[in-house]
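These notes concern the structure reproduced below.
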Amino acid sequence: MTADKELDARGLNCPLPILKAKKALADMLSGQTLKVISTDAGSVRDFQAFAKQTGNLLVQQETVGGDHITLLKRR
């Protein structure tokens, strides 16, 4: 997964990964991608809901070891 920007949210619990991702996306241009790495298992479900609510595209999600990686495309 390649991204325009990467956010390391490991060790943060809900809702911090979402809040930090929202802030990062606000500083990005439409069409750019944000890669978020989180250790909070709830963030997988949270990012699915976040994408639906905000209109940003959920490109990909995967879990590697204890890391949950989410790729979002800015609307």
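Note on naming: chains are A, B, ... as they come in the structure tokens, residues start from 1 per chain, ligands start from 1 in the order shown.
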
Next on the checklist: Report as number ranges by chain all protein, DNA and RNA residues lying within 12 Å of Val64 (chain A), evaluated on only C-alpha atoms, omitting residues in the same chain fewer than 3 positions from it.
Outcome noted: A: 37-39, 41, 61, 67-70

Using all heavy atoms, can you write the selected residues to a file as a PDB file, in the first residue's frame?
ATOM      1  N   ILE A  37      -1.970   3.447  10.556  1.00  0.00           N
ATOM      2  CA  ILE A  37      -1.562   2.216  11.232  1.00  0.00           C
ATOM      3  C   ILE A  37      -1.995   2.335  12.684  1.00  0.00           C
ATOM      4  O   ILE A  37      -1.593   3.256  13.386  1.00  0.00           O
ATOM      5  CB  ILE A  37      -0.043   2.007  11.144  1.00  0.00           C
ATOM      6  CG1 ILE A  37       0.411   2.033   9.688  1.00  0.00           C
ATOM      7  CG2 ILE A  37       0.353   0.689  11.817  1.00  0.00           C
ATOM      8  CD1 ILE A  37       1.907   2.094   9.510  1.00  0.00           C
ATOM      9  N   SER A  38      -2.826   1.388  13.119  1.00  0.00           N
ATOM     10  CA  SER A  38      -3.379   1.417  14.465  1.00  0.00           C
ATOM     11  C   SER A  38      -3.253   0.037  15.113  1.00  0.00           C
ATOM     12  O   SER A  38      -3.235  -0.980  14.418  1.00  0.00           O
ATOM     13  CB  SER A  38      -4.853   1.820  14.399  1.00  0.00           C
ATOM     14  OG  SER A  38      -5.459   1.735  15.657  1.00  0.00           O
ATOM     15  N   THR A  39      -3.183   0.021  16.434  1.00  0.00           N
ATOM     16  CA  THR A  39      -3.180  -1.251  17.159  1.00  0.00           C
ATOM     17  C   THR A  39      -4.528  -1.506  17.824  1.00  0.00           C
ATOM     18  O   THR A  39      -4.727  -2.571  18.400  1.00  0.00           O
ATOM     19  CB  THR A  39      -2.064  -1.263  18.234  1.00  0.00           C
ATOM     20  OG1 THR A  39      -2.163  -0.071  19.017  1.00  0.00           O
ATOM     21  CG2 THR A  39      -0.691  -1.352  17.596  1.00  0.00           C
ATOM     22  N   ALA A  41      -8.021  -2.742  17.794  1.00  0.00           N
ATOM     23  CA  ALA A  41      -8.824  -3.625  16.934  1.00  0.00           C
ATOM     24  C   ALA A  41     -10.150  -2.983  16.536  1.00  0.00           C
ATOM     25  O   ALA A  41     -10.667  -3.235  15.442  1.00  0.00           O
ATOM     26  CB  ALA A  41      -9.071  -4.953  17.639  1.00  0.00           C
ATOM     27  N   GLN A  61      -8.153  -2.337   3.774  1.00  0.00           N
ATOM     28  CA  GLN A  61      -7.856  -2.591   5.190  1.00  0.00           C
ATOM     29  C   GLN A  61      -7.188  -3.950   5.283  1.00  0.00           C
ATOM     30  O   GLN A  61      -7.587  -4.887   4.586  1.00  0.00           O
ATOM     31  CB  GLN A  61      -9.120  -2.602   6.050  1.00  0.00           C
ATOM     32  CG  GLN A  61      -9.666  -1.241   6.350  1.00  0.00           C
ATOM     33  CD  GLN A  61     -10.820  -1.290   7.334  1.00  0.00           C
ATOM     34  OE1 GLN A  61     -11.751  -2.042   7.171  1.00  0.00           O
ATOM     35  NE2 GLN A  61     -10.737  -0.468   8.364  1.00  0.00           N
ATOM     36  N   ASP A  67      -0.879  -4.923  13.924  1.00  0.00           N
ATOM     37  CA  ASP A  67      -1.173  -3.633  13.298  1.00  0.00           C
ATOM     38  C   ASP A  67      -2.370  -3.746  12.353  1.00  0.00           C
ATOM     39  O   ASP A  67      -2.441  -4.655  11.524  1.00  0.00           O
ATOM     40  CB  ASP A  67       0.034  -3.126  12.501  1.00  0.00           C
ATOM     41  CG  ASP A  67       1.195  -2.711  13.370  1.00  0.00           C
ATOM     42  OD1 ASP A  67       0.992  -2.484  14.578  1.00  0.00           O
ATOM     43  OD2 ASP A  67       2.316  -2.604  12.838  1.00  0.00           O
ATOM     44  N   HIS A  68      -3.286  -2.805  12.490  1.00  0.00           N
ATOM     45  CA  HIS A  68      -4.441  -2.706  11.598  1.00  0.00           C
ATOM     46  C   HIS A  68      -4.162  -1.530  10.664  1.00  0.00           C
ATOM     47  O   HIS A  68      -4.031  -0.390  11.117  1.00  0.00           O
ATOM     48  CB  HIS A  68      -5.726  -2.494  12.393  1.00  0.00           C
ATOM     49  CG  HIS A  68      -5.916  -3.546  13.440  1.00  0.00           C
ATOM     50  ND1 HIS A  68      -6.292  -4.843  13.138  1.00  0.00           N
ATOM     51  CD2 HIS A  68      -5.740  -3.512  14.775  1.00  0.00           C
ATOM     52  CE1 HIS A  68      -6.351  -5.538  14.255  1.00  0.00           C
ATOM     53  NE2 HIS A  68      -6.021  -4.755  15.264  1.00  0.00           N
ATOM     54  N   ILE A  69      -4.050  -1.828   9.379  1.00  0.00           N
ATOM     55  CA  ILE A  69      -3.664  -0.815   8.394  1.00  0.00           C
ATOM     56  C   ILE A  69      -4.871  -0.459   7.542  1.00  0.00           C
ATOM     57  O   ILE A  69      -5.529  -1.335   6.970  1.00  0.00           O
ATOM     58  CB  ILE A  69      -2.510  -1.331   7.519  1.00  0.00           C
ATOM     59  CG1 ILE A  69      -1.337  -1.740   8.409  1.00  0.00           C
ATOM     60  CG2 ILE A  69      -2.090  -0.279   6.503  1.00  0.00           C
ATOM     61  CD1 ILE A  69      -0.261  -2.543   7.714  1.00  0.00           C
ATOM     62  N   THR A  70      -5.147   0.823   7.472  1.00  0.00           N
ATOM     63  CA  THR A  70      -6.283   1.331   6.718  1.00  0.00           C
ATOM     64  C   THR A  70      -5.785   2.346   5.702  1.00  0.00           C
ATOM     65  O   THR A  70      -4.981   3.223   6.038  1.00  0.00           O
ATOM     66  CB  THR A  70      -7.310   2.014   7.654  1.00  0.00           C
ATOM     67  OG1 THR A  70      -7.751   1.063   8.622  1.00  0.00           O
ATOM     68  CG2 THR A  70      -8.506   2.532   6.884  1.00  0.00           C
TER      69      THR A  70
END

Next on the checklist: Which residues are near Gln53 (chain A)? Cut-off 12 Å, only C-alpha atoms, ignore same chain within fewer than 6 positions. Put them as a list in words.
Outcome noted: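 Residues meeting the cut-off are Lys22, Asp46, Phe47 and Arg75 of chain A.
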
Selection export as a PDB file, in the first residue's frame, atoms kept: C-alpha atoms:
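Produced file result.pdb, reproduced below:
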ATOM      1  CA  LYS A  22      -9.854  13.289  10.315  1.00  0.00           C
ATOM      2  CA  ASP A  46     -14.555   2.540  13.165  1.00  0.00           C
ATOM      3  CA  PHE A  47     -12.817   3.424   9.881  1.00  0.00           C
ATOM      4  CA  ARG A  75     -12.988  12.863  -1.177  1.00  0.00           C
TER       5      ARG A  75
END

Next on the checklist: Please extract the residues of chain A with a backbone DSSP assignment of strand (DSSP E or B) and present them as a ChimeraX atom specification.
Outcome noted: /A:5-9,33-38,57-64,67-73

Next on the checklist: Please extract the residues of chain A with a backbone DSSP assignment of alpha helix (DSSP H) and present them as number ranges by chain.
Outcome noted: A: 16-26, 42-54

Can you write just those residues out, C-alpha atoms, as a CSV table (one decimal), in the first residue's frame?
chain,number,residue,atom,x,y,z
A,16,LEU,CA,-8.1,9.0,18.8
A,17,PRO,CA,-7.1,7.1,15.6
A,18,ILE,CA,-10.3,8.5,13.9
A,19,LEU,CA,-9.8,12.0,15.2
A,20,LYS,CA,-6.1,12.1,14.1
A,21,ALA,CA,-7.1,10.7,10.7
A,22,LYS,CA,-9.9,13.3,10.3
A,23,LYS,CA,-7.4,16.1,11.1
A,24,ALA,CA,-4.8,14.6,8.6
A,25,LEU,CA,-7.4,14.3,5.8
A,26,ALA,CA,-8.5,17.9,6.3
A,42,GLY,CA,-12.0,-1.5,17.1
A,43,SER,CA,-10.4,0.9,14.6
A,44,VAL,CA,-11.2,-1.5,11.7
A,45,ARG,CA,-14.9,-1.1,12.2
A,46,ASP,CA,-14.6,2.5,13.2
A,47,PHE,CA,-12.8,3.4,9.9
A,48,GLN,CA,-15.5,1.6,7.9
A,49,ALA,CA,-18.2,3.8,9.5
A,50,PHE,CA,-16.0,6.9,9.3
A,51,ALA,CA,-15.6,6.4,5.5
A,52,LYS,CA,-19.4,6.0,5.0
A,53,GLN,CA,-20.2,9.1,7.2
A,54,THR,CA,-17.6,11.4,5.6

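Distance-wise, CA of Thr63 (chain A) and CA of Asp27 (chain A) end up 26.0 Å apart.
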
Checklist entry - Quick one: of A:Leu29, A:Gln60, A:Asp40, A:Lys35, who's nearest to Asn13 (chain A), counting only C-alpha atoms? => result A:Asp40

Item to check | Between CA of Ala3 (chain A) and CA of Lys73 (chain A) - distance in Å to one decimal | outcome: 8.9 Å

Item to check | Contacts of Thr33 (chain A) at 10 Å (only C-alpha atoms; same-chain gap of 3+ positions) as a list of chain:residue names | outcome: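 Within the cut-off, the hits are A:Met1, A:Thr2, A:Ala3, A:Asp4, A:Lys5, A:Glu6, A:Leu25, A:Met28, A:Leu29, A:Ser30, A:Val36, A:Asn56, A:Leu57, A:Leu58, A:Val59, A:Leu71, A:Leu72, A:Lys73, A:Arg74, A:Arg75.
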